[in-house]
Amino acid sequence: MTYTCTSCGKTKTEEIAATGQDAPDADHSWDSGVVTITPTCTQKGETTYTCTNCGKTRTEDIAVTEHNYSADWKSDETNHWHGCVCGEIMDKSIHVKTWDKDSSYHWEKCNICGWVNTAKTDHVYDDAQDTTCNICSYERTVTPPVGPVSPISPAPPVSGGSSYDYYIINATTGEGGSITPNGRVSVRENKNQAFTIIPDEGYAVADVLVDGKSVGAVIEYTFEKVSKSHTIKVTFRESSTGYKACLKNEICPIWPYTDASTTAWYHNGVHYCIENELMSGYGSNRFGPNDTLTRGMLVQILYNKADRPAVSGDSPFDDMAPNAWYIDAMKWAAANGIVEGYGNDRFGPDDPITREQLAVMLWRYADSPAISEALNNFVDKGKASEYALNALRWAVKNGIMYGKNNGVLDPRGNATRAEVAAMLQRYMTSEG
């Protein structure tokens, strides 16, 4: 196109972009984009955007996804673990071994992952009349000598001329604790006999075998209406606290909750929060990992983590009662700039907390560190609230908040209790 000056007649020319050619940068109108490379746990994905004016394309990276660990255990002769398709492993721990057996042999197995040692060995008895294997406590049937033999010499007759048979319960333990009573315990027929198991400091119950069969890592066991001889054998293991060394069995603090799994993705976070008394369950043995968490609950969690310092003054917001269970936590959080509310003196303590609100409170709890990184790796970055951008950038950079499938951050989505627990654990242990 040619332009002519109306004063002096001088001309100048400018090119006009032809159809199909690139438009000037300022004139691009990008579409919503399509995912052209799906992200995995080892490789970034890619979103391609196309200009609707000239057809030019541009790409943006999509953040890698979280590892997809299998629910099933993988194992070798020493350890078991959960594996991702990329080869990354999680929760590697040594086997918790006990004995499995048949009438002729015994062999080791793991109570946690189901690993079985294929090398079988013969039972070991003291003599031809011994009924209990010294290794695995298997009880065999031995043909008695000719003539009637009672389990143990009967006690002297009691008043009234009657007598009772007595049976032996043989109670033994391995290293690391004790059982009370122990040794050869004589029990009158049809009576109950209780045993209490006490691990030494630094040890925990690994398994309890009753007549050679596992009853789990219990700390009490009662034989009811005893009518024959029995054995009870306890094995202990060195206890190791913390989510990293957790064997995800009965000792895991998640175990009592019937709606939560010790092998789920959220194990580390929920284990950490329960163990450190940051979160607890509901009634009826429920934890509610997929339930939402309220804004008031999170403030109380952070207040607990700060050792509940003394507070004073009036309620900082108008929408909470002066005697609300979280009122001290709110006073502390408002005084320390961790919460600001919605405006108009409202906080919404019973509202479900969103992922970006959670990031903001943690960021402020960490003294609002400066951050320069962008959120370009997420396809829904534009949905983040302006006030939450720095907090989200900080949480993502430090591995505290992960994206969801297909590069979605979901900043305004409600955070589940499991997600809150995971973010708290990652932040408080600096293990993003």
# chains A, B, ... in the order shown; residues from 1 in each chain; ligands from 1
>>> select_by_dssp(residues="segment 105-139 of chain A", states="strand (DSSP E)", output="list in words")
Tyr105, His106, Trp107, Glu108, Lys109, Cys110, Thr121 and Asp122 of chain A
>>> residues_around(residues="segment 202-209 of chain A", least_positions_apart="3", cutoff="7 Å", atoms="only C-alpha atoms", output="list in words")
Val96, Gly176, Pro199, Gly212, Lys213, Ser214, Val215, Gly216, Ala217, Val218, Ile232, Lys233, Val234, Thr235, Phe236, Arg237, Glu238 and Ser239 of chain A
>>> closest_residue(among="A:Gly242, A:Glu275, A:Thr36, A:Ile197", to="Glu220 of chain A", atoms="only C-alpha atoms")
A:Ile197
>>> closest_residue(among="A:Phe378, A:Ser29, A:Thr65, A:Cys133", to="Thr52 of chain A", atoms="only C-alpha atoms")
A:Ser29
>>> atom_distance(atom1="atom CA of Leu392 of chain A", atom2="atom CA of Ser372 of chain A")
11.2 Å
>>> select_by_dssp(residues="segment 201-349 of chain A", states="helix (DSSP H, G or I)", output="list in words")
His267, Asn268, Gly269, Val270, His271, Tyr272, Cys273, Ile274, Glu275, Arg295, Gly296, Met297, Leu298, Val299, Gln300, Ile301, Leu302, Tyr303, Asn304, Lys305, Ile327, Asp328, Ala329, Met330, Lys331, Trp332, Ala333, Ala334 and Ala335 of chain A
>>> write_last_selection(atoms="N, CA and C atoms", output="mmCIF file, in the first residue's frame")
data_model
loop_
_atom_site.group_PDB
_atom_site.id
_atom_site.type_symbol
_atom_site.label_atom_id
_atom_site.label_comp_id
_atom_site.auth_asym_id
_atom_site.auth_seq_id
_atom_site.Cartn_x
_atom_site.Cartn_y
_atom_site.Cartn_z
ATOM 1 N N HIS A 267 -0.994 -41.475 50.841
ATOM 2 C CA HIS A 267 -0.495 -42.067 52.086
ATOM 3 C C HIS A 267 0.452 -41.154 52.838
ATOM 4 N N ASN A 268 1.490 -40.650 52.173
ATOM 5 C CA ASN A 268 2.509 -39.863 52.871
ATOM 6 C C ASN A 268 1.908 -38.651 53.565
ATOM 7 N N GLY A 269 1.042 -37.935 52.848
ATOM 8 C CA GLY A 269 0.453 -36.731 53.417
ATOM 9 C C GLY A 269 -0.468 -37.018 54.585
ATOM 10 N N VAL A 270 -1.369 -37.973 54.413
ATOM 11 C CA VAL A 270 -2.323 -38.284 55.481
ATOM 12 C C VAL A 270 -1.598 -38.894 56.687
ATOM 13 N N HIS A 271 -0.648 -39.801 56.433
ATOM 14 C CA HIS A 271 0.150 -40.381 57.524
ATOM 15 C C HIS A 271 0.824 -39.269 58.321
ATOM 16 N N TYR A 272 1.484 -38.344 57.626
ATOM 17 C CA TYR A 272 2.209 -37.255 58.286
ATOM 18 C C TYR A 272 1.257 -36.410 59.127
ATOM 19 N N CYS A 273 0.110 -36.049 58.566
ATOM 20 C CA CYS A 273 -0.801 -35.146 59.273
ATOM 21 C C CYS A 273 -1.438 -35.815 60.486
ATOM 22 N N ILE A 274 -1.757 -37.110 60.377
ATOM 23 C CA ILE A 274 -2.313 -37.809 61.544
ATOM 24 C C ILE A 274 -1.239 -37.959 62.611
ATOM 25 N N GLU A 275 -0.048 -38.398 62.204
ATOM 26 C CA GLU A 275 1.034 -38.641 63.158
ATOM 27 C C GLU A 275 1.446 -37.370 63.888
ATOM 28 N N ARG A 295 -12.379 -23.612 55.228
ATOM 29 C CA ARG A 295 -11.375 -22.569 55.458
ATOM 30 C C ARG A 295 -11.036 -22.473 56.954
ATOM 31 N N GLY A 296 -12.042 -22.609 57.789
ATOM 32 C CA GLY A 296 -11.789 -22.559 59.223
ATOM 33 C C GLY A 296 -10.925 -23.718 59.699
ATOM 34 N N MET A 297 -11.149 -24.906 59.124
ATOM 35 C CA MET A 297 -10.342 -26.071 59.500
ATOM 36 C C MET A 297 -8.873 -25.854 59.165
ATOM 37 N N LEU A 298 -8.582 -25.299 57.981
ATOM 38 C CA LEU A 298 -7.182 -25.103 57.605
ATOM 39 C C LEU A 298 -6.502 -24.103 58.539
ATOM 40 N N VAL A 299 -7.211 -23.031 58.872
ATOM 41 C CA VAL A 299 -6.633 -22.053 59.798
ATOM 42 C C VAL A 299 -6.311 -22.725 61.134
ATOM 43 N N GLN A 300 -7.208 -23.593 61.613
ATOM 44 C CA GLN A 300 -6.970 -24.291 62.870
ATOM 45 C C GLN A 300 -5.750 -25.214 62.754
ATOM 46 N N ILE A 301 -5.578 -25.885 61.603
ATOM 47 C CA ILE A 301 -4.424 -26.766 61.393
ATOM 48 C C ILE A 301 -3.123 -25.963 61.490
ATOM 49 N N LEU A 302 -3.079 -24.805 60.833
ATOM 50 C CA LEU A 302 -1.865 -23.984 60.869
ATOM 51 C C LEU A 302 -1.604 -23.446 62.275
ATOM 52 N N TYR A 303 -2.675 -23.136 62.985
ATOM 53 C CA TYR A 303 -2.543 -22.663 64.367
ATOM 54 C C TYR A 303 -1.985 -23.767 65.259
ATOM 55 N N ASN A 304 -2.471 -24.988 65.059
ATOM 56 C CA ASN A 304 -1.940 -26.125 65.819
ATOM 57 C C ASN A 304 -0.454 -26.311 65.525
ATOM 58 N N LYS A 305 -0.073 -26.180 64.247
ATOM 59 C CA LYS A 305 1.321 -26.353 63.864
ATOM 60 C C LYS A 305 2.200 -25.296 64.520
ATOM 61 N N ILE A 327 -11.996 -19.824 66.932
ATOM 62 C CA ILE A 327 -11.864 -18.385 67.079
ATOM 63 C C ILE A 327 -10.445 -17.966 67.438
ATOM 64 N N ASP A 328 -9.757 -18.705 68.312
ATOM 65 C CA ASP A 328 -8.374 -18.344 68.652
ATOM 66 C C ASP A 328 -7.468 -18.471 67.438
ATOM 67 N N ALA A 329 -7.702 -19.508 66.638
ATOM 68 C CA ALA A 329 -6.902 -19.687 65.419
ATOM 69 C C ALA A 329 -7.106 -18.516 64.462
ATOM 70 N N MET A 330 -8.359 -18.036 64.349
ATOM 71 C CA MET A 330 -8.648 -16.912 63.464
ATOM 72 C C MET A 330 -7.967 -15.634 63.950
ATOM 73 N N LYS A 331 -8.003 -15.401 65.254
ATOM 74 C CA LYS A 331 -7.342 -14.211 65.800
ATOM 75 C C LYS A 331 -5.849 -14.249 65.495
ATOM 76 N N TRP A 332 -5.247 -15.416 65.691
ATOM 77 C CA TRP A 332 -3.808 -15.562 65.423
ATOM 78 C C TRP A 332 -3.504 -15.378 63.944
ATOM 79 N N ALA A 333 -4.294 -15.999 63.074
ATOM 80 C CA ALA A 333 -4.035 -15.935 61.632
ATOM 81 C C ALA A 333 -4.223 -14.519 61.094
ATOM 82 N N ALA A 334 -5.258 -13.816 61.568
ATOM 83 C CA ALA A 334 -5.487 -12.449 61.112
ATOM 84 C C ALA A 334 -4.378 -11.521 61.600
ATOM 85 N N ALA A 335 -3.945 -11.703 62.855
ATOM 86 C CA ALA A 335 -2.891 -10.846 63.411
ATOM 87 C C ALA A 335 -1.562 -11.040 62.697
#
>>> atom_distance(atom1="atom CA of Ile251 of chain A", atom2="atom CA of Asn111 of chain A")
12.5 Å
>>> closest_residue(among="A:Ala370, A:Cys252, A:Met320, A:Val116", to="Asp100 of chain A", atoms="only C-alpha atoms")
A:Val116
>>> closest_residue(among="A:Thr118, A:Cys86, A:Asn405, A:Tyr166", to="Trp99 of chain A", atoms="only C-alpha atoms")
A:Thr118
>>> atom_distance(atom1="atom CA of Ala119 of chain A", atom2="atom CA of Thr172 of chain A")
25.2 Å
>>> residues_around(residues="Tyr257 of chain A", least_positions_apart="5", cutoff="6 Å", atoms="only C-alpha atoms", output="list of chain:residue names")
A:Asn285, A:Arg286, A:Phe287
>>> write_last_selection(atoms="N, CA, C and O atoms", output="tab-separated table (two decimals), in the first residue's frame")
chain	number	residue	atom	x	y	z
A	285	ASN	N	-14.83	-44.44	62.44
A	285	ASN	CA	-13.57	-44.80	61.77
A	285	ASN	C	-13.49	-44.28	60.34
A	285	ASN	O	-13.04	-44.96	59.43
A	286	ARG	N	-13.89	-43.03	60.14
A	286	ARG	CA	-13.81	-42.40	58.81
A	286	ARG	C	-12.79	-41.28	58.83
A	286	ARG	O	-12.70	-40.52	59.80
A	287	PHE	N	-12.03	-41.18	57.73
A	287	PHE	CA	-11.13	-40.04	57.56
A	287	PHE	C	-11.65	-39.07	56.51
A	287	PHE	O	-11.39	-37.87	56.58
>>> residues_around(residues="segment 227-230 of chain A", least_positions_apart="4", cutoff="9 Å", atoms="only C-alpha atoms", output="MDAnalysis selection string")
chainID A and resid 139 151 165:171 187:191 210:211 223
>>> closest_residue(among="A:Val311, A:Ala415, A:Ala306, A:Ala395", to="Leu375 of chain A", atoms="only C-alpha atoms")
A:Ala395
>>> residues_around(residues="segment 416-419 of chain A", least_positions_apart="2", cutoff="8 Å", atoms="only C-alpha atoms", output="PDB file with all heavy atoms, in the first residue's frame")
ATOM      1  N   TYR A 266      -2.206 -40.716  48.503  1.00  0.00           N
ATOM      2  CA  TYR A 266      -2.149 -39.708  49.561  1.00  0.00           C
ATOM      3  C   TYR A 266      -1.520 -40.241  50.851  1.00  0.00           C
ATOM      4  O   TYR A 266      -1.517 -39.537  51.862  1.00  0.00           O
ATOM      5  CB  TYR A 266      -3.556 -39.186  49.863  1.00  0.00           C
ATOM      6  CG  TYR A 266      -4.594 -40.259  50.129  1.00  0.00           C
ATOM      7  CD1 TYR A 266      -4.585 -41.014  51.303  1.00  0.00           C
ATOM      8  CD2 TYR A 266      -5.594 -40.521  49.203  1.00  0.00           C
ATOM      9  CE1 TYR A 266      -5.528 -41.988  51.542  1.00  0.00           C
ATOM     10  CE2 TYR A 266      -6.543 -41.508  49.423  1.00  0.00           C
ATOM     11  CZ  TYR A 266      -6.509 -42.233  50.610  1.00  0.00           C
ATOM     12  OH  TYR A 266      -7.436 -43.207  50.841  1.00  0.00           O
ATOM     13  N   GLY A 269       1.042 -37.935  52.848  1.00  0.00           N
ATOM     14  CA  GLY A 269       0.453 -36.731  53.417  1.00  0.00           C
ATOM     15  C   GLY A 269      -0.468 -37.018  54.585  1.00  0.00           C
ATOM     16  O   GLY A 269      -0.382 -36.378  55.643  1.00  0.00           O
ATOM     17  N   VAL A 270      -1.369 -37.973  54.413  1.00  0.00           N
ATOM     18  CA  VAL A 270      -2.323 -38.284  55.481  1.00  0.00           C
ATOM     19  C   VAL A 270      -1.598 -38.894  56.687  1.00  0.00           C
ATOM     20  O   VAL A 270      -1.878 -38.543  57.839  1.00  0.00           O
ATOM     21  CB  VAL A 270      -3.423 -39.216  54.964  1.00  0.00           C
ATOM     22  CG1 VAL A 270      -4.340 -39.657  56.097  1.00  0.00           C
ATOM     23  CG2 VAL A 270      -4.244 -38.512  53.874  1.00  0.00           C
ATOM     24  N   GLY A 288     -12.383 -39.560  55.517  1.00  0.00           N
ATOM     25  CA  GLY A 288     -12.929 -38.683  54.478  1.00  0.00           C
ATOM     26  C   GLY A 288     -11.871 -38.109  53.560  1.00  0.00           C
ATOM     27  O   GLY A 288     -11.829 -36.885  53.379  1.00  0.00           O
ATOM     28  N   PRO A 289     -11.011 -38.929  52.928  1.00  0.00           N
ATOM     29  CA  PRO A 289      -9.952 -38.376  52.087  1.00  0.00           C
ATOM     30  C   PRO A 289     -10.470 -37.577  50.898  1.00  0.00           C
ATOM     31  O   PRO A 289      -9.795 -36.660  50.428  1.00  0.00           O
ATOM     32  CB  PRO A 289      -9.177 -39.623  51.630  1.00  0.00           C
ATOM     33  CG  PRO A 289     -10.133 -40.759  51.788  1.00  0.00           C
ATOM     34  CD  PRO A 289     -10.977 -40.412  52.962  1.00  0.00           C
ATOM     35  N   ASN A 290     -11.664 -37.900  50.416  1.00  0.00           N
ATOM     36  CA  ASN A 290     -12.216 -37.200  49.256  1.00  0.00           C
ATOM     37  C   ASN A 290     -13.205 -36.108  49.639  1.00  0.00           C
ATOM     38  O   ASN A 290     -13.791 -35.470  48.764  1.00  0.00           O
ATOM     39  CB  ASN A 290     -12.884 -38.209  48.309  1.00  0.00           C
ATOM     40  CG  ASN A 290     -11.892 -39.211  47.755  1.00  0.00           C
ATOM     41  OD1 ASN A 290     -10.797 -38.850  47.351  1.00  0.00           O
ATOM     42  ND2 ASN A 290     -12.271 -40.483  47.749  1.00  0.00           N
ATOM     43  N   ASP A 291     -13.396 -35.906  50.939  1.00  0.00           N
ATOM     44  CA  ASP A 291     -14.270 -34.818  51.395  1.00  0.00           C
ATOM     45  C   ASP A 291     -13.537 -33.486  51.271  1.00  0.00           C
ATOM     46  O   ASP A 291     -12.309 -33.434  51.193  1.00  0.00           O
ATOM     47  CB  ASP A 291     -14.672 -35.034  52.851  1.00  0.00           C
ATOM     48  CG  ASP A 291     -15.515 -36.276  53.044  1.00  0.00           C
ATOM     49  OD1 ASP A 291     -15.955 -36.862  52.030  1.00  0.00           O
ATOM     50  OD2 ASP A 291     -15.740 -36.667  54.208  1.00  0.00           O
ATOM     51  N   THR A 292     -14.301 -32.405  51.275  1.00  0.00           N
ATOM     52  CA  THR A 292     -13.681 -31.075  51.261  1.00  0.00           C
ATOM     53  C   THR A 292     -13.253 -30.690  52.672  1.00  0.00           C
ATOM     54  O   THR A 292     -13.697 -31.281  53.666  1.00  0.00           O
ATOM     55  CB  THR A 292     -14.662 -30.021  50.732  1.00  0.00           C
ATOM     56  OG1 THR A 292     -15.863 -30.047  51.510  1.00  0.00           O
ATOM     57  CG2 THR A 292     -15.002 -30.293  49.272  1.00  0.00           C
ATOM     58  N   LEU A 293     -12.386 -29.701  52.754  1.00  0.00           N
ATOM     59  CA  LEU A 293     -11.928 -29.150  54.029  1.00  0.00           C
ATOM     60  C   LEU A 293     -12.349 -27.688  54.070  1.00  0.00           C
ATOM     61  O   LEU A 293     -12.215 -26.976  53.075  1.00  0.00           O
ATOM     62  CB  LEU A 293     -10.405 -29.258  54.143  1.00  0.00           C
ATOM     63  CG  LEU A 293      -9.824 -28.932  55.507  1.00  0.00           C
ATOM     64  CD1 LEU A 293      -9.729 -30.225  56.328  1.00  0.00           C
ATOM     65  CD2 LEU A 293      -8.436 -28.325  55.391  1.00  0.00           C
ATOM     66  N   ASN A 414     -12.276 -27.031  44.588  1.00  0.00           N
ATOM     67  CA  ASN A 414     -12.178 -27.297  46.024  1.00  0.00           C
ATOM     68  C   ASN A 414     -11.073 -28.304  46.293  1.00  0.00           C
ATOM     69  O   ASN A 414     -10.890 -29.271  45.553  1.00  0.00           O
ATOM     70  CB  ASN A 414     -13.508 -27.831  46.562  1.00  0.00           C
ATOM     71  CG  ASN A 414     -14.609 -26.794  46.553  1.00  0.00           C
ATOM     72  OD1 ASN A 414     -14.333 -25.598  46.576  1.00  0.00           O
ATOM     73  ND2 ASN A 414     -15.852 -27.239  46.514  1.00  0.00           N
ATOM     74  N   ALA A 421      -3.779 -32.598  52.952  1.00  0.00           N
ATOM     75  CA  ALA A 421      -2.765 -33.331  53.711  1.00  0.00           C
ATOM     76  C   ALA A 421      -1.470 -33.451  52.919  1.00  0.00           C
ATOM     77  O   ALA A 421      -0.373 -33.276  53.466  1.00  0.00           O
ATOM     78  CB  ALA A 421      -3.295 -34.721  54.074  1.00  0.00           C
ATOM     79  N   ALA A 422      -1.586 -33.749  51.620  1.00  0.00           N
ATOM     80  CA  ALA A 422      -0.388 -33.892  50.784  1.00  0.00           C
ATOM     81  C   ALA A 422       0.378 -32.583  50.698  1.00  0.00           C
ATOM     82  O   ALA A 422       1.617 -32.556  50.812  1.00  0.00           O
ATOM     83  CB  ALA A 422      -0.779 -34.377  49.394  1.00  0.00           C
ATOM     84  N   MET A 423      -0.336 -31.462  50.520  1.00  0.00           N
ATOM     85  CA  MET A 423       0.347 -30.177  50.420  1.00  0.00           C
ATOM     86  C   MET A 423       0.976 -29.763  51.746  1.00  0.00           C
ATOM     87  O   MET A 423       2.079 -29.203  51.773  1.00  0.00           O
ATOM     88  CB  MET A 423      -0.624 -29.108  49.919  1.00  0.00           C
ATOM     89  CG  MET A 423      -0.980 -29.251  48.445  1.00  0.00           C
ATOM     90  SD  MET A 423      -2.114 -27.967  47.856  1.00  0.00           S
ATOM     91  CE  MET A 423      -1.113 -26.501  48.047  1.00  0.00           C
TER      92      MET A 423
END
>>> residues_around(residues="Phe195 of chain A", least_positions_apart="6", cutoff="7 Å", atoms="only C-alpha atoms", output="list in words")
Ile179, Thr180, Pro181, Glu220, Tyr221 and Thr222 of chain A
>>> closest_residue(among="A:Leu389, A:Ala366, A:Cys8, A:Cys41", to="Gly87 of chain A", atoms="only C-alpha atoms")
A:Cys41
>>> residues_around(residues="Lys120 of chain A", least_positions_apart="2", cutoff="9 Å", atoms="only C-alpha atoms", output="list in words")
Lys101, Tyr105, His106, Trp107, Glu108, Asn117, Thr118 and Asp122 of chain A
